[in-house]
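Okay, structure-v6.txt is below, compact mmCIF, N, CA and C atoms:
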```txt
# COMPACT_ATOMS: atom_id res chain seq x y z
N MET D 1 0.85 -1.17 0.00
CA MET D 1 0.00 0.00 0.00
C MET D 1 0.89 1.24 0.00
N THR D 2 0.55 2.18 -0.84
CA THR D 2 1.31 3.42 -0.88
C THR D 2 0.70 4.44 0.09
N LYS D 3 1.53 5.36 0.48
CA LYS D 3 1.01 6.43 1.34
C LYS D 3 1.08 7.74 0.57
N GLN D 4 0.10 8.59 0.85
CA GLN D 4 0.01 9.89 0.20
C GLN D 4 0.11 10.96 1.27
N ILE D 5 1.01 11.90 1.07
CA ILE D 5 1.16 13.01 2.01
C ILE D 5 0.11 14.06 1.68
N ILE D 6 -0.60 14.52 2.70
CA ILE D 6 -1.65 15.52 2.54
C ILE D 6 -1.10 16.87 3.02
N HIS D 7 -1.33 17.89 2.20
CA HIS D 7 -0.91 19.25 2.57
C HIS D 7 -1.90 20.26 2.00
N THR D 8 -2.19 21.27 2.78
CA THR D 8 -2.98 22.40 2.31
C THR D 8 -2.43 23.70 2.90
N ASP D 9 -2.51 24.75 2.13
CA ASP D 9 -2.12 26.06 2.62
C ASP D 9 -3.21 26.69 3.49
N HIS D 10 -4.38 26.02 3.57
CA HIS D 10 -5.50 26.51 4.39
C HIS D 10 -5.38 26.07 5.85
N ALA D 11 -4.31 25.39 6.17
CA ALA D 11 -3.98 25.01 7.55
C ALA D 11 -2.51 25.35 7.76
N PRO D 12 -2.09 25.50 9.01
CA PRO D 12 -0.70 25.88 9.26
C PRO D 12 0.28 24.84 8.73
N ALA D 13 1.40 25.33 8.25
CA ALA D 13 2.47 24.44 7.83
C ALA D 13 3.02 23.71 9.07
N ALA D 14 3.54 22.54 8.86
CA ALA D 14 4.15 21.78 9.96
C ALA D 14 5.29 22.59 10.56
N ILE D 15 5.40 22.55 11.89
CA ILE D 15 6.47 23.29 12.57
C ILE D 15 7.60 22.35 13.00
N GLY D 16 7.63 21.19 12.37
CA GLY D 16 8.65 20.21 12.65
C GLY D 16 8.71 19.20 11.52
N PRO D 17 9.45 18.12 11.72
CA PRO D 17 9.61 17.11 10.67
C PRO D 17 8.43 16.14 10.62
N TYR D 18 7.29 16.63 10.17
CA TYR D 18 6.09 15.80 10.04
C TYR D 18 5.19 16.39 8.96
N SER D 19 4.20 15.63 8.55
CA SER D 19 3.22 16.06 7.55
C SER D 19 1.93 16.43 8.24
N GLN D 20 1.13 17.29 7.60
CA GLN D 20 -0.18 17.63 8.16
C GLN D 20 -1.03 16.38 8.32
N ALA D 21 -0.96 15.49 7.34
CA ALA D 21 -1.69 14.22 7.40
C ALA D 21 -1.06 13.26 6.40
N VAL D 22 -1.33 11.97 6.60
CA VAL D 22 -0.86 10.93 5.70
C VAL D 22 -2.04 10.00 5.42
N ARG D 23 -2.28 9.76 4.14
CA ARG D 23 -3.34 8.84 3.74
C ARG D 23 -2.73 7.50 3.36
N ALA D 24 -3.29 6.43 3.91
CA ALA D 24 -2.91 5.06 3.57
C ALA D 24 -4.20 4.32 3.25
N GLY D 25 -4.42 4.01 1.99
CA GLY D 25 -5.69 3.42 1.59
C GLY D 25 -6.80 4.44 1.80
N ASP D 26 -7.86 4.03 2.48
CA ASP D 26 -8.98 4.93 2.77
C ASP D 26 -8.86 5.59 4.14
N THR D 27 -7.75 5.36 4.83
CA THR D 27 -7.56 5.91 6.17
C THR D 27 -6.59 7.08 6.12
N VAL D 28 -6.95 8.16 6.81
CA VAL D 28 -6.10 9.34 6.87
C VAL D 28 -5.75 9.58 8.34
N TYR D 29 -4.47 9.71 8.61
CA TYR D 29 -3.94 9.95 9.96
C TYR D 29 -3.49 11.41 10.03
N PHE D 30 -4.05 12.15 10.96
CA PHE D 30 -3.77 13.58 11.08
C PHE D 30 -2.77 13.85 12.19
N SER D 31 -1.82 14.72 11.90
CA SER D 31 -0.96 15.24 12.95
C SER D 31 -1.78 16.20 13.80
N GLY D 32 -1.28 16.49 14.97
CA GLY D 32 -1.98 17.41 15.85
C GLY D 32 -2.09 18.80 15.25
N GLN D 33 -3.24 19.39 15.46
CA GLN D 33 -3.48 20.77 15.03
C GLN D 33 -3.62 21.64 16.26
N ILE D 34 -2.74 22.61 16.37
CA ILE D 34 -2.87 23.60 17.43
C ILE D 34 -3.47 24.86 16.80
N PRO D 35 -3.87 25.84 17.60
CA PRO D 35 -4.59 26.99 17.07
C PRO D 35 -3.69 28.05 16.42
N LEU D 36 -3.02 27.65 15.35
CA LEU D 36 -2.20 28.59 14.59
C LEU D 36 -3.01 29.14 13.43
N ASP D 37 -2.87 30.43 13.20
CA ASP D 37 -3.47 31.06 12.03
C ASP D 37 -2.67 30.63 10.82
N PRO D 38 -3.30 30.01 9.82
CA PRO D 38 -2.53 29.52 8.67
C PRO D 38 -1.85 30.64 7.88
N ALA D 39 -2.42 31.84 7.92
CA ALA D 39 -1.85 32.95 7.15
C ALA D 39 -0.57 33.49 7.79
N THR D 40 -0.52 33.50 9.12
CA THR D 40 0.62 34.12 9.81
C THR D 40 1.53 33.11 10.50
N GLY D 41 0.99 31.93 10.82
CA GLY D 41 1.75 30.96 11.59
C GLY D 41 1.78 31.27 13.07
N ASN D 42 1.05 32.30 13.48
CA ASN D 42 1.02 32.71 14.89
C ASN D 42 -0.16 32.07 15.62
N LEU D 43 0.03 31.88 16.91
CA LEU D 43 -1.03 31.39 17.77
C LEU D 43 -2.15 32.42 17.82
N VAL D 44 -3.41 31.96 17.66
CA VAL D 44 -4.53 32.91 17.74
C VAL D 44 -4.67 33.39 19.18
N GLU D 45 -5.15 34.60 19.32
CA GLU D 45 -5.39 35.15 20.65
C GLU D 45 -6.74 34.67 21.15
N GLY D 46 -6.89 34.64 22.46
CA GLY D 46 -8.18 34.30 23.02
C GLY D 46 -8.10 33.11 23.95
N ASP D 47 -9.27 32.77 24.48
CA ASP D 47 -9.39 31.69 25.44
C ASP D 47 -9.42 30.34 24.75
N ILE D 48 -9.69 29.30 25.51
CA ILE D 48 -9.68 27.95 24.95
C ILE D 48 -10.77 27.77 23.91
N THR D 49 -11.87 28.50 24.03
CA THR D 49 -12.93 28.41 23.02
C THR D 49 -12.41 28.89 21.67
N ALA D 50 -11.77 30.04 21.63
CA ALA D 50 -11.21 30.56 20.39
C ALA D 50 -10.13 29.63 19.85
N GLN D 51 -9.31 29.09 20.75
CA GLN D 51 -8.24 28.20 20.31
C GLN D 51 -8.79 26.88 19.78
N ALA D 52 -9.83 26.35 20.41
CA ALA D 52 -10.43 25.10 19.93
C ALA D 52 -11.06 25.32 18.56
N ARG D 53 -11.75 26.42 18.38
CA ARG D 53 -12.36 26.71 17.06
C ARG D 53 -11.29 26.77 15.97
N ARG D 54 -10.19 27.48 16.22
CA ARG D 54 -9.13 27.58 15.21
C ARG D 54 -8.54 26.20 14.92
N SER D 55 -8.34 25.40 15.97
CA SER D 55 -7.77 24.06 15.78
C SER D 55 -8.71 23.18 14.95
N PHE D 56 -10.02 23.23 15.24
CA PHE D 56 -10.99 22.45 14.46
C PHE D 56 -11.08 22.98 13.03
N ASP D 57 -10.97 24.30 12.83
CA ASP D 57 -10.95 24.85 11.47
C ASP D 57 -9.74 24.32 10.71
N ASN D 58 -8.59 24.26 11.37
CA ASN D 58 -7.39 23.72 10.74
C ASN D 58 -7.58 22.24 10.39
N LEU D 59 -8.15 21.48 11.32
CA LEU D 59 -8.41 20.06 11.07
C LEU D 59 -9.34 19.89 9.88
N LYS D 60 -10.39 20.70 9.82
CA LYS D 60 -11.34 20.65 8.72
C LYS D 60 -10.66 20.92 7.38
N ALA D 61 -9.77 21.90 7.34
CA ALA D 61 -9.06 22.23 6.10
C ALA D 61 -8.21 21.06 5.62
N VAL D 62 -7.53 20.40 6.53
CA VAL D 62 -6.70 19.25 6.14
C VAL D 62 -7.59 18.09 5.70
N ALA D 63 -8.71 17.88 6.39
CA ALA D 63 -9.65 16.82 5.99
C ALA D 63 -10.15 17.05 4.57
N GLU D 64 -10.49 18.29 4.26
CA GLU D 64 -10.97 18.61 2.91
C GLU D 64 -9.86 18.40 1.88
N ALA D 65 -8.63 18.73 2.23
CA ALA D 65 -7.51 18.51 1.31
C ALA D 65 -7.30 17.02 1.04
N ALA D 66 -7.69 16.19 2.00
CA ALA D 66 -7.56 14.74 1.84
C ALA D 66 -8.76 14.13 1.13
N GLY D 67 -9.76 14.96 0.80
CA GLY D 67 -10.94 14.45 0.11
C GLY D 67 -12.07 14.04 1.03
N GLY D 68 -12.03 14.48 2.28
CA GLY D 68 -13.07 14.10 3.23
C GLY D 68 -13.63 15.30 3.95
N SER D 69 -14.25 15.02 5.09
CA SER D 69 -14.86 16.06 5.90
C SER D 69 -14.80 15.64 7.36
N LEU D 70 -15.17 16.55 8.24
CA LEU D 70 -15.21 16.19 9.66
C LEU D 70 -16.18 15.05 9.92
N GLY D 71 -17.19 14.90 9.09
CA GLY D 71 -18.14 13.79 9.22
C GLY D 71 -17.53 12.42 8.98
N ASP D 72 -16.35 12.40 8.37
CA ASP D 72 -15.65 11.12 8.11
C ASP D 72 -14.70 10.74 9.23
N MET D 73 -14.58 11.58 10.25
CA MET D 73 -13.68 11.29 11.37
C MET D 73 -14.20 10.11 12.18
N VAL D 74 -13.29 9.19 12.51
CA VAL D 74 -13.68 8.05 13.34
C VAL D 74 -13.06 8.12 14.73
N ARG D 75 -12.01 8.93 14.88
CA ARG D 75 -11.37 9.08 16.19
C ARG D 75 -10.73 10.45 16.31
N LEU D 76 -10.88 11.05 17.50
CA LEU D 76 -10.24 12.31 17.83
C LEU D 76 -9.44 12.13 19.10
N GLY D 77 -8.33 12.82 19.18
CA GLY D 77 -7.58 12.96 20.42
C GLY D 77 -7.56 14.43 20.78
N LEU D 78 -8.06 14.77 21.96
CA LEU D 78 -8.08 16.16 22.42
C LEU D 78 -7.08 16.31 23.54
N TYR D 79 -6.29 17.38 23.49
CA TYR D 79 -5.25 17.63 24.48
C TYR D 79 -5.46 19.03 25.03
N LEU D 80 -5.66 19.13 26.33
CA LEU D 80 -5.92 20.41 27.00
C LEU D 80 -4.87 20.62 28.07
N THR D 81 -4.43 21.85 28.24
CA THR D 81 -3.48 22.13 29.32
C THR D 81 -4.21 22.34 30.64
N ASP D 82 -5.54 22.44 30.60
CA ASP D 82 -6.34 22.61 31.81
C ASP D 82 -7.66 21.87 31.63
N LEU D 83 -7.77 20.71 32.27
CA LEU D 83 -8.95 19.87 32.10
C LEU D 83 -10.22 20.51 32.66
N SER D 84 -10.09 21.57 33.44
CA SER D 84 -11.29 22.27 33.90
C SER D 84 -11.99 22.98 32.74
N GLN D 85 -11.34 23.07 31.58
CA GLN D 85 -11.93 23.67 30.39
C GLN D 85 -12.65 22.64 29.51
N PHE D 86 -12.83 21.43 30.04
CA PHE D 86 -13.45 20.32 29.31
C PHE D 86 -14.82 20.70 28.75
N ALA D 87 -15.68 21.33 29.53
CA ALA D 87 -17.04 21.68 29.09
C ALA D 87 -16.99 22.69 27.94
N ALA D 88 -16.08 23.65 28.00
CA ALA D 88 -15.96 24.64 26.93
C ALA D 88 -15.55 23.97 25.62
N VAL D 89 -14.62 23.02 25.71
CA VAL D 89 -14.18 22.31 24.51
C VAL D 89 -15.31 21.43 23.97
N ASN D 90 -16.06 20.78 24.84
CA ASN D 90 -17.21 19.99 24.39
C ASN D 90 -18.20 20.85 23.62
N ALA D 91 -18.46 22.06 24.13
CA ALA D 91 -19.40 22.96 23.46
C ALA D 91 -18.91 23.32 22.06
N VAL D 92 -17.62 23.59 21.92
CA VAL D 92 -17.07 23.91 20.60
C VAL D 92 -17.14 22.69 19.70
N MET D 93 -16.81 21.52 20.23
CA MET D 93 -16.85 20.31 19.42
C MET D 93 -18.23 20.09 18.83
N GLN D 94 -19.28 20.40 19.59
CA GLN D 94 -20.64 20.21 19.09
C GLN D 94 -20.99 21.19 17.97
N GLU D 95 -20.22 22.25 17.82
CA GLU D 95 -20.40 23.16 16.68
C GLU D 95 -19.87 22.54 15.39
N TYR D 96 -18.93 21.62 15.51
CA TYR D 96 -18.25 21.04 14.35
C TYR D 96 -18.66 19.62 14.02
N PHE D 97 -19.17 18.89 15.00
CA PHE D 97 -19.51 17.48 14.81
C PHE D 97 -20.95 17.24 15.23
N SER D 98 -21.57 16.25 14.58
CA SER D 98 -22.92 15.84 14.97
C SER D 98 -22.95 14.33 15.11
N ALA D 99 -23.98 13.83 15.76
CA ALA D 99 -24.11 12.39 15.98
C ALA D 99 -24.26 11.68 14.64
N PRO D 100 -23.70 10.51 14.50
CA PRO D 100 -22.90 9.80 15.50
C PRO D 100 -21.49 10.41 15.58
N PHE D 101 -21.07 10.69 16.79
CA PHE D 101 -19.79 11.33 17.04
C PHE D 101 -18.64 10.34 16.88
N PRO D 102 -17.45 10.84 16.54
CA PRO D 102 -16.29 9.94 16.49
C PRO D 102 -15.90 9.49 17.90
N ALA D 103 -15.17 8.40 17.98
CA ALA D 103 -14.57 8.00 19.25
C ALA D 103 -13.59 9.09 19.65
N ARG D 104 -13.33 9.21 20.96
CA ARG D 104 -12.51 10.33 21.40
C ARG D 104 -11.80 10.01 22.71
N SER D 105 -10.62 10.57 22.86
CA SER D 105 -9.95 10.61 24.15
C SER D 105 -9.67 12.08 24.45
N THR D 106 -9.70 12.42 25.73
CA THR D 106 -9.39 13.77 26.18
C THR D 106 -8.36 13.67 27.28
N ILE D 107 -7.24 14.35 27.09
CA ILE D 107 -6.11 14.19 27.99
C ILE D 107 -5.60 15.57 28.41
N GLU D 108 -5.35 15.73 29.70
CA GLU D 108 -4.69 16.95 30.18
C GLU D 108 -3.19 16.75 30.06
N VAL D 109 -2.53 17.78 29.49
CA VAL D 109 -1.09 17.73 29.28
C VAL D 109 -0.45 18.92 29.98
N SER D 110 0.84 18.80 30.28
CA SER D 110 1.52 19.89 30.99
C SER D 110 1.88 21.05 30.07
N GLY D 111 1.94 20.82 28.78
CA GLY D 111 2.28 21.88 27.86
C GLY D 111 2.06 21.44 26.42
N LEU D 112 1.88 22.42 25.54
CA LEU D 112 1.70 22.18 24.11
C LEU D 112 2.60 23.13 23.34
N PRO D 113 2.90 22.81 22.07
CA PRO D 113 3.77 23.67 21.29
C PRO D 113 3.26 25.12 21.24
N LYS D 114 4.20 26.04 21.28
CA LYS D 114 3.95 27.48 21.17
C LYS D 114 3.05 28.03 22.27
N GLY D 115 2.90 27.28 23.36
CA GLY D 115 2.08 27.74 24.47
C GLY D 115 0.59 27.61 24.25
N ALA D 116 0.18 26.79 23.29
CA ALA D 116 -1.24 26.59 23.00
C ALA D 116 -1.94 25.98 24.21
N LEU D 117 -3.24 26.24 24.31
CA LEU D 117 -4.07 25.66 25.37
C LEU D 117 -4.75 24.37 24.92
N PHE D 118 -4.77 24.13 23.59
CA PHE D 118 -5.55 23.03 23.02
C PHE D 118 -4.87 22.48 21.77
N GLU D 119 -5.02 21.18 21.58
CA GLU D 119 -4.55 20.51 20.36
C GLU D 119 -5.50 19.37 20.05
N VAL D 120 -5.68 19.08 18.77
CA VAL D 120 -6.51 17.96 18.35
C VAL D 120 -5.76 17.16 17.28
N ASP D 121 -5.83 15.83 17.37
CA ASP D 121 -5.38 14.98 16.28
C ASP D 121 -6.53 14.05 15.94
N ALA D 122 -6.41 13.32 14.84
CA ALA D 122 -7.57 12.56 14.38
C ALA D 122 -7.17 11.42 13.45
N VAL D 123 -8.14 10.55 13.26
CA VAL D 123 -8.09 9.50 12.23
C VAL D 123 -9.40 9.60 11.46
N MET D 124 -9.30 9.58 10.14
CA MET D 124 -10.47 9.68 9.27
C MET D 124 -10.49 8.49 8.32
N VAL D 125 -11.66 7.95 8.09
CA VAL D 125 -11.82 6.90 7.09
C VAL D 125 -12.75 7.45 6.02
N LEU D 126 -12.23 7.53 4.81
CA LEU D 126 -13.02 8.08 3.71
C LEU D 126 -14.11 7.10 3.34
N GLY D 127 -15.31 7.61 3.19
CA GLY D 127 -16.45 6.78 2.88
C GLY D 127 -17.04 6.09 4.09
N ALA D 128 -16.59 6.50 5.30
CA ALA D 128 -17.08 5.85 6.53
C ALA D 128 -18.52 6.24 6.81
```
Representation of the structure as structure tokens:
Amino acid sequence: MTKQIIHTDHAPAAIGPYSQAVRAGDTVYFSGQIPLDPATGNLVEGDITAQARRSFDNLKAVAEAAGGSLGDMVRLGLYLTDLSQFAAVNAVMQEYFSAPFPARSTIEVSGLPKGALFEVDAVMVLGA
């Protein structure tokens, strides 16, 4: 099976030695998306709600570049630097996803790149 590297200018460029996403067959594996503005590469200002929205917008852009949508997501990993913000992130997630929801893990971490408060990674199956 060959792998296809996914890239779009509508999401931030990788800030390290990785790809935005990699497609293998009908499965697409997404690198983590933090709330970077794709035009500037800078962290968006605002609280975790603003940061989660930007991160989900970035994820959506990469999904579309891979030929899919957020509706094709089968798994999400959410990373928060403060788990007390869990309800706020859930509220934002419901703006982007509808039932049946993807499987998900939510993990509190001590830090994220560039001082972000939130990061999301995902697995998508095209045609799911």
Here atom C of Thr2 (chain D) and atom C of Asp26 (chain D) stand apart by 10.4 Å
Just how far from atom C of Gly71 (chain D) is CA of Leu126 (chain D), in Å to one decimal?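 For CA of Leu126 (chain D) relative to atom C of Gly71 (chain D), the distance reads 8.2 Å.
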Could you list, as an MDAnalysis selection string, every residue within 7 Å of region 36-40 of chain D, counting only N, CA and C atoms and ignoring same-chain residues fewer than 6 positions away? chainID D and resid 9:13 54:55
*asked:* Please report the interatomic distance between atom C of Pro113 (chain D) and atom C of Thr27 (chain D) in Å with one decimal.
replied: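 Going from atom C of Pro113 (chain D) over to atom C of Thr27 (chain D) covers 25.5 Å.
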Can you tell me, as number ranges by chain, what residues are no more than 8 Å from Val109 (chain D) when counting only C-alpha atoms, ignoring any on the same chain fewer than 4 positions away? D: 79-82
(message) Ranking D:Ile34, D:Leu70, D:Met1, D:Ala63 by minimum distance to Gly111 (chain D) and counting only C-alpha atoms, which one comes first?
(response)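 Checking each candidate against Gly111 (chain D), we get D:Ile34 as the closest.
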The residue from D:Ser98, D:Asn42, D:Thr106, D:Thr8 with the smallest atom-to-atom distance to Leu59 (chain D), counting only C-alpha atoms, is D:Thr8
Q. Neighbours of Val22 (chain D) within 10 Å (only C-alpha atoms; same-chain residues fewer than 2 positions away dropped), as a list in words?
A.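 Everything that qualifies: Lys3, Gln4, Ile5, Ile6, His7, Tyr18, Ser19, Gln20, Ala24, Gly25, Thr27, Val28, Tyr29, Phe30, Ser31, Ala66 and Val123 of chain D.
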>> Residues near Pro35 (chain D), anyone? I mean within 8 Å using only C-alpha atoms, not counting same-chain ones fewer than 2 positions away, as a list in words.
In response: Gln33, Asp37, Leu43, Val44, Gln51, Ala52, Arg53, Arg54, Ser55, Asn58, Ala116, Phe118 and Glu119 of chain D
With N, CA and C atoms retained, could you export that selection as a PDB file, in the frame of the given file?
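The file below, selection.pdb, is the result:
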```
ATOM      1  N   GLN D  33      -3.240  19.390  15.460  1.00  0.00           N
ATOM      2  CA  GLN D  33      -3.480  20.770  15.030  1.00  0.00           C
ATOM      3  C   GLN D  33      -3.620  21.640  16.260  1.00  0.00           C
ATOM      4  N   ASP D  37      -2.870  30.430  13.200  1.00  0.00           N
ATOM      5  CA  ASP D  37      -3.470  31.060  12.030  1.00  0.00           C
ATOM      6  C   ASP D  37      -2.670  30.630  10.820  1.00  0.00           C
ATOM      7  N   LEU D  43       0.030  31.880  16.910  1.00  0.00           N
ATOM      8  CA  LEU D  43      -1.030  31.390  17.770  1.00  0.00           C
ATOM      9  C   LEU D  43      -2.150  32.420  17.820  1.00  0.00           C
ATOM     10  N   VAL D  44      -3.410  31.960  17.660  1.00  0.00           N
ATOM     11  CA  VAL D  44      -4.530  32.910  17.740  1.00  0.00           C
ATOM     12  C   VAL D  44      -4.670  33.390  19.180  1.00  0.00           C
ATOM     13  N   GLN D  51      -9.310  29.090  20.750  1.00  0.00           N
ATOM     14  CA  GLN D  51      -8.240  28.200  20.310  1.00  0.00           C
ATOM     15  C   GLN D  51      -8.790  26.880  19.780  1.00  0.00           C
ATOM     16  N   ALA D  52      -9.830  26.350  20.410  1.00  0.00           N
ATOM     17  CA  ALA D  52     -10.430  25.100  19.930  1.00  0.00           C
ATOM     18  C   ALA D  52     -11.060  25.320  18.560  1.00  0.00           C
ATOM     19  N   ARG D  53     -11.750  26.420  18.380  1.00  0.00           N
ATOM     20  CA  ARG D  53     -12.360  26.710  17.060  1.00  0.00           C
ATOM     21  C   ARG D  53     -11.290  26.770  15.970  1.00  0.00           C
ATOM     22  N   ARG D  54     -10.190  27.480  16.220  1.00  0.00           N
ATOM     23  CA  ARG D  54      -9.130  27.580  15.210  1.00  0.00           C
ATOM     24  C   ARG D  54      -8.540  26.200  14.920  1.00  0.00           C
ATOM     25  N   SER D  55      -8.340  25.400  15.970  1.00  0.00           N
ATOM     26  CA  SER D  55      -7.770  24.060  15.780  1.00  0.00           C
ATOM     27  C   SER D  55      -8.710  23.180  14.950  1.00  0.00           C
ATOM     28  N   ASN D  58      -8.590  24.260  11.370  1.00  0.00           N
ATOM     29  CA  ASN D  58      -7.390  23.720  10.740  1.00  0.00           C
ATOM     30  C   ASN D  58      -7.580  22.240  10.390  1.00  0.00           C
ATOM     31  N   ALA D 116       0.180  26.790  23.290  1.00  0.00           N
ATOM     32  CA  ALA D 116      -1.240  26.590  23.000  1.00  0.00           C
ATOM     33  C   ALA D 116      -1.940  25.980  24.210  1.00  0.00           C
ATOM     34  N   PHE D 118      -4.770  24.130  23.590  1.00  0.00           N
ATOM     35  CA  PHE D 118      -5.550  23.030  23.020  1.00  0.00           C
ATOM     36  C   PHE D 118      -4.870  22.480  21.770  1.00  0.00           C
ATOM     37  N   GLU D 119      -5.020  21.180  21.580  1.00  0.00           N
ATOM     38  CA  GLU D 119      -4.550  20.510  20.360  1.00  0.00           C
ATOM     39  C   GLU D 119      -5.500  19.370  20.050  1.00  0.00           C
TER      40      GLU D 119
END
```
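Residue nearest Met73 (chain D), chosen from D:Ala122, D:Glu95, D:Asn90, D:Gly115 and counting only C-alpha atoms: D:Ala122.
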Write down as a PDB file with N, CA and C atoms, in the frame of the given file the residues belonging to region 61-117 of chain D that are assigned helix (DSSP H, G or I) by DSSP computed on the backbone.
```pdb
ATOM      1  N   ALA D  61      -9.770  21.900   7.340  1.00  0.00           N
ATOM      2  CA  ALA D  61      -9.060  22.230   6.100  1.00  0.00           C
ATOM      3  C   ALA D  61      -8.210  21.060   5.620  1.00  0.00           C
ATOM      4  N   VAL D  62      -7.530  20.400   6.530  1.00  0.00           N
ATOM      5  CA  VAL D  62      -6.700  19.250   6.140  1.00  0.00           C
ATOM      6  C   VAL D  62      -7.590  18.090   5.700  1.00  0.00           C
ATOM      7  N   ALA D  63      -8.710  17.880   6.390  1.00  0.00           N
ATOM      8  CA  ALA D  63      -9.650  16.820   5.990  1.00  0.00           C
ATOM      9  C   ALA D  63     -10.150  17.050   4.570  1.00  0.00           C
ATOM     10  N   GLU D  64     -10.490  18.290   4.260  1.00  0.00           N
ATOM     11  CA  GLU D  64     -10.970  18.610   2.910  1.00  0.00           C
ATOM     12  C   GLU D  64      -9.860  18.400   1.880  1.00  0.00           C
ATOM     13  N   ALA D  65      -8.630  18.730   2.230  1.00  0.00           N
ATOM     14  CA  ALA D  65      -7.510  18.510   1.310  1.00  0.00           C
ATOM     15  C   ALA D  65      -7.300  17.020   1.040  1.00  0.00           C
ATOM     16  N   LEU D  70     -15.170  16.550   8.240  1.00  0.00           N
ATOM     17  CA  LEU D  70     -15.210  16.190   9.660  1.00  0.00           C
ATOM     18  C   LEU D  70     -16.180  15.050   9.920  1.00  0.00           C
ATOM     19  N   GLY D  71     -17.190  14.900   9.090  1.00  0.00           N
ATOM     20  CA  GLY D  71     -18.140  13.790   9.220  1.00  0.00           C
ATOM     21  C   GLY D  71     -17.530  12.420   8.980  1.00  0.00           C
ATOM     22  N   ASP D  72     -16.350  12.400   8.370  1.00  0.00           N
ATOM     23  CA  ASP D  72     -15.650  11.120   8.110  1.00  0.00           C
ATOM     24  C   ASP D  72     -14.700  10.740   9.230  1.00  0.00           C
ATOM     25  N   LEU D  83      -7.770  20.710  32.270  1.00  0.00           N
ATOM     26  CA  LEU D  83      -8.950  19.870  32.100  1.00  0.00           C
ATOM     27  C   LEU D  83     -10.220  20.510  32.660  1.00  0.00           C
ATOM     28  N   SER D  84     -10.090  21.570  33.440  1.00  0.00           N
ATOM     29  CA  SER D  84     -11.290  22.270  33.900  1.00  0.00           C
ATOM     30  C   SER D  84     -11.990  22.980  32.740  1.00  0.00           C
ATOM     31  N   GLN D  85     -11.340  23.070  31.580  1.00  0.00           N
ATOM     32  CA  GLN D  85     -11.930  23.670  30.390  1.00  0.00           C
ATOM     33  C   GLN D  85     -12.650  22.640  29.510  1.00  0.00           C
ATOM     34  N   PHE D  86     -12.830  21.430  30.040  1.00  0.00           N
ATOM     35  CA  PHE D  86     -13.450  20.320  29.310  1.00  0.00           C
ATOM     36  C   PHE D  86     -14.820  20.700  28.750  1.00  0.00           C
ATOM     37  N   ALA D  87     -15.680  21.330  29.530  1.00  0.00           N
ATOM     38  CA  ALA D  87     -17.040  21.680  29.090  1.00  0.00           C
ATOM     39  C   ALA D  87     -16.990  22.690  27.940  1.00  0.00           C
ATOM     40  N   ALA D  88     -16.080  23.650  28.000  1.00  0.00           N
ATOM     41  CA  ALA D  88     -15.960  24.640  26.930  1.00  0.00           C
ATOM     42  C   ALA D  88     -15.550  23.970  25.620  1.00  0.00           C
ATOM     43  N   VAL D  89     -14.620  23.020  25.710  1.00  0.00           N
ATOM     44  CA  VAL D  89     -14.180  22.310  24.510  1.00  0.00           C
ATOM     45  C   VAL D  89     -15.310  21.430  23.970  1.00  0.00           C
ATOM     46  N   ASN D  90     -16.060  20.780  24.840  1.00  0.00           N
ATOM     47  CA  ASN D  90     -17.210  19.990  24.390  1.00  0.00           C
ATOM     48  C   ASN D  90     -18.200  20.850  23.620  1.00  0.00           C
ATOM     49  N   ALA D  91     -18.460  22.060  24.130  1.00  0.00           N
ATOM     50  CA  ALA D  91     -19.400  22.960  23.460  1.00  0.00           C
ATOM     51  C   ALA D  91     -18.910  23.320  22.060  1.00  0.00           C
ATOM     52  N   VAL D  92     -17.620  23.590  21.920  1.00  0.00           N
ATOM     53  CA  VAL D  92     -17.070  23.910  20.600  1.00  0.00           C
ATOM     54  C   VAL D  92     -17.140  22.690  19.700  1.00  0.00           C
ATOM     55  N   MET D  93     -16.810  21.520  20.230  1.00  0.00           N
ATOM     56  CA  MET D  93     -16.850  20.310  19.420  1.00  0.00           C
ATOM     57  C   MET D  93     -18.230  20.090  18.830  1.00  0.00           C
ATOM     58  N   GLN D  94     -19.280  20.400  19.590  1.00  0.00           N
ATOM     59  CA  GLN D  94     -20.640  20.210  19.090  1.00  0.00           C
ATOM     60  C   GLN D  94     -20.990  21.190  17.970  1.00  0.00           C
ATOM     61  N   GLU D  95     -20.220  22.250  17.820  1.00  0.00           N
ATOM     62  CA  GLU D  95     -20.400  23.160  16.680  1.00  0.00           C
ATOM     63  C   GLU D  95     -19.870  22.540  15.390  1.00  0.00           C
ATOM     64  N   TYR D  96     -18.930  21.620  15.510  1.00  0.00           N
ATOM     65  CA  TYR D  96     -18.250  21.040  14.350  1.00  0.00           C
ATOM     66  C   TYR D  96     -18.660  19.620  14.020  1.00  0.00           C
ATOM     67  N   PRO D 113       2.900  22.810  22.070  1.00  0.00           N
ATOM     68  CA  PRO D 113       3.770  23.670  21.290  1.00  0.00           C
ATOM     69  C   PRO D 113       3.260  25.120  21.240  1.00  0.00           C
ATOM     70  N   LYS D 114       4.200  26.040  21.280  1.00  0.00           N
ATOM     71  CA  LYS D 114       3.950  27.480  21.170  1.00  0.00           C
ATOM     72  C   LYS D 114       3.050  28.030  22.270  1.00  0.00           C
ATOM     73  N   GLY D 115       2.900  27.280  23.360  1.00  0.00           N
ATOM     74  CA  GLY D 115       2.080  27.740  24.470  1.00  0.00           C
ATOM     75  C   GLY D 115       0.590  27.610  24.250  1.00  0.00           C
TER      76      GLY D 115
END
```
Near-Pro102 (chain D) list (6.5 Å; only N, CA and C atoms; drop same-chain fewer than 6 positions) as a VMD selection string | chain D and resid 73 to 76
